[in-house]
>>> print(open('entry_14.txt').read())   # compact mmCIF, C-alpha atoms
# COMPACT_ATOMS: atom_id res chain seq x y z
CA MET A 10 50.50 132.89 136.79
CA ALA A 11 52.45 133.98 133.72
CA LEU A 12 52.28 137.09 131.54
CA TYR A 13 52.82 136.88 127.78
CA CYS A 14 52.91 139.16 124.72
CA ILE A 15 52.52 137.81 121.20
CA GLY A 16 53.23 139.45 117.85
CA ASP A 17 51.15 139.55 114.67
CA ILE A 18 49.23 136.27 114.26
CA GLN A 19 47.48 137.30 111.02
CA GLY A 20 45.24 134.28 110.76
CA CYS A 21 47.99 131.71 111.38
CA TYR A 22 45.84 129.81 113.84
CA ASP A 23 47.68 126.49 113.80
CA ALA A 24 50.96 128.17 114.75
CA PHE A 25 49.15 130.21 117.42
CA GLU A 26 47.59 127.10 118.97
CA ARG A 27 50.87 125.19 118.89
CA LEU A 28 52.63 128.07 120.62
CA LEU A 29 49.97 128.14 123.35
CA LEU A 30 50.51 124.41 123.86
CA THR A 31 54.28 124.91 123.95
CA VAL A 32 54.03 127.28 126.91
CA ASP A 33 51.17 125.32 128.53
CA PHE A 34 48.98 128.44 128.48
CA SER A 35 46.20 128.32 131.07
CA GLU A 36 43.16 130.61 130.73
CA SER A 37 42.54 130.36 134.47
CA ARG A 38 46.11 131.23 135.41
CA ASP A 39 47.84 133.21 132.65
CA THR A 40 47.36 136.44 130.70
CA LEU A 41 48.24 136.96 127.04
CA TYR A 42 48.36 140.33 125.30
CA VAL A 43 47.85 140.09 121.53
CA LEU A 44 49.53 143.04 119.82
CA GLY A 45 47.12 143.53 116.91
CA ASP A 46 46.78 142.11 113.40
CA LEU A 47 44.99 139.04 114.59
CA VAL A 48 43.60 138.55 111.08
CA ASN A 49 44.32 138.59 107.34
CA ARG A 50 46.84 137.12 104.93
CA GLY A 51 46.92 133.83 106.86
CA PRO A 52 44.39 131.04 106.30
CA GLN A 53 42.44 130.88 109.59
CA SER A 54 41.50 134.35 110.77
CA ALA A 55 38.08 133.30 112.06
CA GLU A 56 39.67 130.64 114.26
CA VAL A 57 42.09 133.18 115.75
CA LEU A 58 39.26 135.59 116.57
CA ARG A 59 37.15 132.76 118.01
CA ARG A 60 40.01 131.56 120.23
CA CYS A 61 40.70 135.01 121.63
CA MET A 62 37.02 135.84 122.10
CA GLN A 63 36.28 132.61 123.93
CA ALA A 64 39.30 133.06 126.23
CA GLY A 65 37.71 136.11 127.84
CA ASP A 66 39.98 138.29 129.96
CA SER A 67 42.90 135.86 129.77
CA MET A 68 43.57 137.01 126.17
CA ARG A 69 43.58 140.77 125.76
CA ALA A 70 43.78 141.96 122.18
CA LEU A 71 44.33 145.35 120.63
CA LEU A 72 43.60 146.50 117.09
CA GLY A 73 46.06 146.58 114.23
CA ASN A 74 45.67 147.92 110.70
CA HIS A 75 44.50 144.55 109.34
CA ASP A 76 41.85 144.26 112.04
CA LEU A 77 40.51 147.71 111.14
CA HIS A 78 40.65 146.70 107.46
CA LEU A 79 38.41 143.75 108.28
CA LEU A 80 35.90 145.99 110.06
CA ALA A 81 35.85 148.38 107.09
CA ALA A 82 35.44 145.50 104.61
CA SER A 83 32.56 144.13 106.66
CA GLN A 84 30.72 147.42 106.09
CA GLY A 85 31.41 147.39 102.36
CA LEU A 86 33.77 150.35 102.74
CA ARG A 87 37.02 148.75 101.60
CA ARG A 88 37.81 146.47 98.68
CA GLN A 89 39.99 143.47 99.37
CA SER A 90 43.32 142.93 97.67
CA LYS A 91 44.38 139.61 96.16
CA ARG A 92 46.41 138.88 99.28
CA ASP A 93 43.50 139.39 101.67
CA THR A 94 41.87 136.38 103.30
CA LEU A 95 39.09 138.25 105.06
CA ASN A 96 36.25 136.27 103.50
CA GLN A 97 37.13 133.49 105.89
CA VAL A 98 35.70 135.74 108.62
CA LEU A 99 33.05 137.54 106.60
CA GLU A 100 31.46 134.26 105.47
CA ALA A 101 31.71 132.48 108.82
CA PRO A 102 28.41 131.49 110.47
CA ASP A 103 29.37 133.49 113.57
CA SER A 104 30.74 136.45 111.59
CA ALA A 105 28.50 138.99 113.33
CA GLN A 106 29.68 137.93 116.80
CA LEU A 107 33.34 137.90 115.78
CA LEU A 108 33.14 141.36 114.22
CA GLU A 109 31.26 142.77 117.19
CA TRP A 110 33.91 141.42 119.57
CA LEU A 111 36.69 142.87 117.41
CA ARG A 112 35.02 146.27 117.33
CA GLN A 113 35.17 146.43 121.13
CA GLN A 114 38.96 146.12 121.30
CA PRO A 115 41.20 149.16 121.97
CA LEU A 116 44.21 150.51 120.08
CA SER A 117 46.46 150.33 123.14
CA ARG A 118 46.72 148.58 126.48
CA LEU A 119 48.58 149.29 129.70
CA HIS A 120 49.69 146.58 132.12
CA THR A 121 50.96 147.44 135.59
CA ASN A 122 52.62 144.64 137.54
CA ALA A 123 52.78 144.06 141.30
CA LEU A 124 55.96 146.15 141.51
CA GLY A 125 54.27 149.13 139.87
CA GLU A 126 56.25 148.71 136.62
CA GLN A 127 54.32 149.57 133.48
CA LEU A 128 54.18 147.84 130.11
CA PHE A 129 52.46 149.87 127.38
CA MET A 130 51.32 148.05 124.25
CA VAL A 131 50.34 149.27 120.77
CA HIS A 132 50.27 147.64 117.36
CA ALA A 133 52.67 149.95 115.49
CA GLY A 134 53.98 152.96 117.39
CA VAL A 135 53.55 156.02 119.54
CA LEU A 136 54.23 159.56 118.38
CA PRO A 137 57.19 161.26 120.10
CA ARG A 138 55.12 163.93 121.86
CA TRP A 139 52.61 161.53 123.36
CA SER A 140 53.06 160.34 126.92
CA VAL A 141 51.46 157.07 127.99
CA GLN A 142 48.61 159.02 129.55
CA ASP A 143 48.16 161.10 126.38
CA SER A 144 48.10 157.91 124.34
CA LEU A 145 45.45 156.28 126.50
CA GLN A 146 43.25 159.36 126.31
CA LEU A 147 43.58 159.58 122.52
CA ASP A 148 42.86 155.88 122.21
CA ALA A 149 39.71 156.41 124.28
CA GLU A 150 38.49 158.96 121.72
CA VAL A 151 38.76 156.38 118.94
CA GLN A 152 37.24 153.65 121.09
CA ALA A 153 34.19 155.79 121.79
CA VAL A 154 33.54 156.21 118.07
CA LEU A 155 34.27 152.55 117.19
CA LYS A 156 31.84 151.35 119.86
CA SER A 157 29.10 153.78 118.82
CA PRO A 158 26.15 152.82 116.56
CA ASP A 159 27.49 155.00 113.74
CA PHE A 160 30.97 153.45 113.74
CA ALA A 161 30.73 152.78 109.99
CA LEU A 162 30.82 156.52 109.35
CA PHE A 163 34.15 156.70 111.16
CA LEU A 164 35.52 153.75 109.16
CA GLN A 165 34.46 155.44 105.93
CA HIS A 166 36.75 158.40 106.70
CA MET A 167 39.54 156.48 108.45
CA TYR A 168 41.80 155.95 105.42
CA GLY A 169 44.41 158.44 104.22
CA ASN A 170 47.91 159.69 105.03
CA GLN A 171 46.96 163.18 106.09
CA PRO A 172 47.41 164.82 108.47
CA ASN A 173 50.85 163.26 108.90
CA ARG A 174 51.74 165.38 111.94
CA TRP A 175 49.95 165.49 115.28
CA SER A 176 48.51 168.68 116.68
CA PRO A 177 46.21 168.94 119.72
CA SER A 178 44.09 171.34 117.68
CA LEU A 179 43.12 168.65 115.17
CA GLN A 180 39.40 167.91 115.16
CA GLY A 181 36.89 165.50 113.66
CA ASP A 182 37.97 162.96 111.06
CA ASP A 183 41.47 164.44 110.74
CA ARG A 184 42.09 164.01 114.46
CA LEU A 185 40.83 160.42 114.57
CA ARG A 186 42.70 159.46 111.39
CA CYS A 187 45.97 160.80 112.77
CA ILE A 188 45.53 158.85 116.01
CA VAL A 189 44.68 155.62 114.20
CA ASN A 190 47.59 155.98 111.77
CA ALA A 191 50.08 156.47 114.61
CA PHE A 192 48.87 153.49 116.60
CA THR A 193 48.44 151.08 113.67
CA ARG A 194 50.75 152.16 110.80
CA LEU A 195 53.72 154.09 112.18
CA ARG A 196 57.28 152.92 111.51
CA PHE A 197 59.40 155.93 110.58
CA CYS A 198 58.98 159.58 111.42
CA SER A 199 61.06 162.75 111.51
CA ALA A 200 62.63 164.16 114.65
CA ASP A 201 59.64 166.46 115.06
CA GLY A 202 57.09 163.69 114.56
CA VAL A 203 56.09 163.89 110.88
CA MET A 204 54.93 160.37 110.00
CA ASP A 205 56.05 158.45 106.90
CA PHE A 206 53.78 155.73 105.49
CA GLU A 207 55.75 154.76 102.38
CA SER A 208 58.74 152.96 103.87
CA ALA A 209 58.63 149.47 105.37
CA GLU A 210 62.35 148.72 105.38
CA SER A 211 64.36 147.64 108.39
CA ALA A 212 65.44 150.25 110.94
CA GLU A 213 68.94 150.34 109.46
CA GLN A 214 67.51 151.45 106.10
CA ALA A 215 65.69 154.55 107.32
CA PRO A 216 64.96 157.03 104.51
CA GLU A 217 66.88 160.31 104.64
CA GLY A 218 65.58 162.61 107.35
CA LEU A 219 63.62 159.85 109.08
CA MET A 220 64.22 157.45 111.96
CA PRO A 221 62.33 154.68 113.70
CA TRP A 222 59.67 156.23 115.93
CA PHE A 223 61.24 154.67 119.02
CA ASP A 224 64.62 156.31 118.37
CA VAL A 225 63.37 159.91 118.25
CA PRO A 226 65.35 161.92 120.83
CA GLY A 227 63.27 163.10 123.77
CA ARG A 228 60.40 160.69 123.13
CA ALA A 229 57.82 161.20 125.90
CA THR A 230 57.37 157.44 126.45
CA ALA A 231 61.10 156.71 126.70
CA ASP A 232 60.87 155.72 130.38
CA THR A 233 58.12 153.13 129.80
CA LEU A 234 58.58 149.66 128.33
CA ILE A 235 56.65 149.49 125.04
CA ALA A 236 55.71 146.30 123.20
CA PHE A 237 54.56 146.46 119.59
CA GLY A 238 54.24 144.44 116.38
CA HIS A 239 53.52 145.54 112.78
CA TRP A 240 57.12 145.78 111.53
CA SER A 241 58.16 142.36 110.24
CA THR A 242 61.28 143.66 108.47
CA LEU A 243 62.47 145.06 111.79
CA GLY A 244 62.28 141.63 113.37
CA HIS A 245 62.52 140.91 117.06
CA VAL A 246 64.03 143.64 119.23
CA ASN A 247 64.48 143.22 122.96
CA ARG A 248 65.76 146.35 124.70
CA ALA A 249 65.26 147.66 128.21
CA ASP A 250 62.60 150.03 126.89
CA LEU A 251 61.30 148.13 123.88
CA MET A 252 59.96 144.79 122.65
CA ALA A 253 59.33 144.42 118.90
CA MET A 254 57.35 141.22 118.38
CA ASP A 255 56.40 140.90 114.70
CA THR A 256 58.72 138.30 113.22
CA GLY A 257 56.86 137.63 109.99
CA CYS A 258 54.83 134.53 110.79
CA VAL A 259 52.65 134.95 107.71
CA TRP A 260 55.74 135.34 105.50
CA GLY A 261 57.25 132.06 106.67
CA GLY A 262 59.12 133.54 109.62
CA CYS A 263 58.38 132.86 113.27
CA LEU A 264 55.46 133.51 115.55
CA SER A 265 57.01 135.11 118.62
CA MET A 266 55.80 135.21 122.20
CA MET A 267 57.52 136.79 125.19
CA ARG A 268 57.10 135.37 128.67
CA ILE A 269 57.52 138.17 131.22
CA GLY A 270 58.46 137.44 134.82
CA ASP A 271 57.69 139.21 138.09
CA LYS A 272 59.91 142.05 136.88
CA LEU A 273 59.44 143.45 133.39
CA SER A 274 63.17 142.98 132.80
CA GLU A 275 62.75 139.21 133.24
CA ARG A 276 61.90 138.03 129.73
CA GLU A 277 62.03 134.76 127.83
CA LEU A 278 61.45 134.62 124.08
CA ILE A 279 59.51 131.63 122.73
CA GLN A 280 59.35 131.26 118.94
CA LEU A 281 57.75 128.84 116.55
CA GLN A 282 58.71 128.51 112.89
CA CYS A 283 55.65 128.97 110.66
CA PRO A 284 54.69 127.71 107.21
CA GLN A 285 54.73 130.43 104.60
CA ALA A 286 51.23 131.75 103.82
CA GLN A 287 52.29 134.73 101.69
CA VAL A 288 55.22 135.46 99.37
CA PRO A 289 56.79 138.93 99.72
CA GLY A 290 56.59 141.03 96.58
CA GLN A 291 53.63 139.22 95.05
CA HIS A 292 50.32 141.03 94.62
>>> encode(input="entry_14.txt", output="structure tokens")
Amino acid sequence: MALYCIGDIQGCYDAFERLLLTVDFSESRDTLYVLGDLVNRGPQSAEVLRRCMQAGDSMRALLGNHDLHLLAASQGLRRQSKRDTLNQVLEAPDSAQLLEWLRQQPLSRLHTNALGEQLFMVHAGVLPRWSVQDSLQLDAEVQAVLKSPDFALFLQHMYGNQPNRWSPSLQGDDRLRCIVNAFTRLRFCSADGVMDFESAESAEQAPEGLMPWFDVPGRATADTLIAFGHWSTLGHVNRADLMAMDTGCVWGGCLSMMRIGDKLSERELIQLQCPQAQVPGQH
């Protein structure tokens, strides 16, 4: 039995399948956590969704910003950009099943191994004040709405950069939007947790007054290993408390998977060079 985490696939199905073959992934034996952004920008999003859906509990996905974008587009709530490749899902014969499966996925996942060590997984980040337990409870609030019959109403109000600071007193759409933005869009924030959504540079190029969310002093999740994707310009990071797994597959970088041993500190990085599906800077 092996445990794996994989970064943003973004519709790069051929690379995904080749990586599974490289590690001899077994659905009956192994578990793979997919850290969001399964779809979009790459050429085969429907195939990625189909593969994960058919794998059942052996592949455990969570939602990224592109996955939510697909759900919103499917309800006619969001126009596609020239870079988007969502029609490959929207026009698929099994589109309804794929979208329904995607809608059931959470924004975070927690894995506890046999030694009691915990691995917490999100697509983008976790706000400094949130503990793992806080994060799971806030995720559950969003899940409840996404899984409800009126989920389209939530998606209609999901977009926007405000509020950019968390407060437990937030309610309604503002509360849900803040939770979603933290889990699926966060890169930089201030020391007191004000989120920035304009900058996508590497960690070394943090705008004045901002820092990577994982470097905020006193972060409540600092004692838990966190794996995330979303930040291709950050690249792969492998620290005692952190695994950054988006290495820009869709941009012609690598698709990255981490094999994790009996202890969470036992890690092996497996990477596969990918053909370039998108050119940075082009719209």
>>> closest_residue(input="entry_14.txt", among="A:Leu124, A:Leu136, A:Ile235, A:Ala253", to="Asp201 in chain A", atoms="all atoms listed in the file")
A:Leu136
>>> residues_around(input="entry_14.txt", residues="Leu281 in chain A", least_positions_apart="6", cutoff="8 Å", atoms="only C-alpha atoms", output="PDB file with C-alpha atoms, keeping the file's coordinate frame")
ATOM      1  CA  ALA A  24      50.960 128.170 114.750  1.00  0.00           C
ATOM      2  CA  LEU A  28      52.630 128.070 120.620  1.00  0.00           C
ATOM      3  CA  CYS A 263      58.380 132.860 113.270  1.00  0.00           C
ATOM      4  CA  LEU A 264      55.460 133.510 115.550  1.00  0.00           C
ATOM      5  CA  SER A 265      57.010 135.110 118.620  1.00  0.00           C
TER       6      SER A 265
END
>>> residues_near_point(input="entry_14.txt", point="(52.4, 143.4, 137.7)", cutoff="10 Å", atoms="all atoms listed in the file", output="MDAnalysis selection string")
chainID A and resid 12 120:128 269:273
>>> write_last_selection(input="entry_14.txt", atoms="C-alpha atoms", output="mmCIF file, in the coordinates of the input")
data_model
loop_
_atom_site.group_PDB
_atom_site.id
_atom_site.type_symbol
_atom_site.label_atom_id
_atom_site.label_comp_id
_atom_site.auth_asym_id
_atom_site.auth_seq_id
_atom_site.Cartn_x
_atom_site.Cartn_y
_atom_site.Cartn_z
ATOM 1 C CA LEU A 12 52.280 137.090 131.540
ATOM 2 C CA HIS A 120 49.690 146.580 132.120
ATOM 3 C CA THR A 121 50.960 147.440 135.590
ATOM 4 C CA ASN A 122 52.620 144.640 137.540
ATOM 5 C CA ALA A 123 52.780 144.060 141.300
ATOM 6 C CA LEU A 124 55.960 146.150 141.510
ATOM 7 C CA GLY A 125 54.270 149.130 139.870
ATOM 8 C CA GLU A 126 56.250 148.710 136.620
ATOM 9 C CA GLN A 127 54.320 149.570 133.480
ATOM 10 C CA LEU A 128 54.180 147.840 130.110
ATOM 11 C CA ILE A 269 57.520 138.170 131.220
ATOM 12 C CA GLY A 270 58.460 137.440 134.820
ATOM 13 C CA ASP A 271 57.690 139.210 138.090
ATOM 14 C CA LYS A 272 59.910 142.050 136.880
ATOM 15 C CA LEU A 273 59.440 143.450 133.390
#
>>> residues_around(input="entry_14.txt", residues="range 99-115 of chain A", least_positions_apart="4", cutoff="8 Å", atoms="all atoms listed in the file", output="list of chain:residue names")
A:Ala55, A:Leu58, A:Arg59, A:Met62, A:Ala70, A:Leu71, A:Leu72, A:Asp76, A:Leu80, A:Ser83, A:Leu95, A:Asp148, A:Ala149, A:Gln152, A:Leu155, A:Lys156
>>> atom_distance(input="entry_14.txt", atom1="CA of Met267 in chain A", atom2="CA of Ala286 in chain A")
22.8 Å
>>> closest_residue(input="entry_14.txt", among="A:Met204, A:Val259, A:Leu278, A:Ser35", to="Ser54 in chain A", atoms="only C-alpha atoms")
A:Val259
>>> residues_around(input="entry_14.txt", residues="Glu217 in chain A", least_positions_apart="5", cutoff="12 Å", atoms="all atoms listed in the file", output="MDAnalysis selection string")
chainID A and resid 197:200 205 208 212
>>> closest_residue(input="entry_14.txt", among="A:Ile188, A:Ile18, A:Leu219, A:Met10", to="Gly134 in chain A", atoms="only C-alpha atoms")
A:Ile188
>>> closest_residue(input="entry_14.txt", among="A:Gly261, A:Gly202, A:Pro177, A:Gly20", to="Pro221 in chain A", atoms="only C-alpha atoms")
A:Gly202
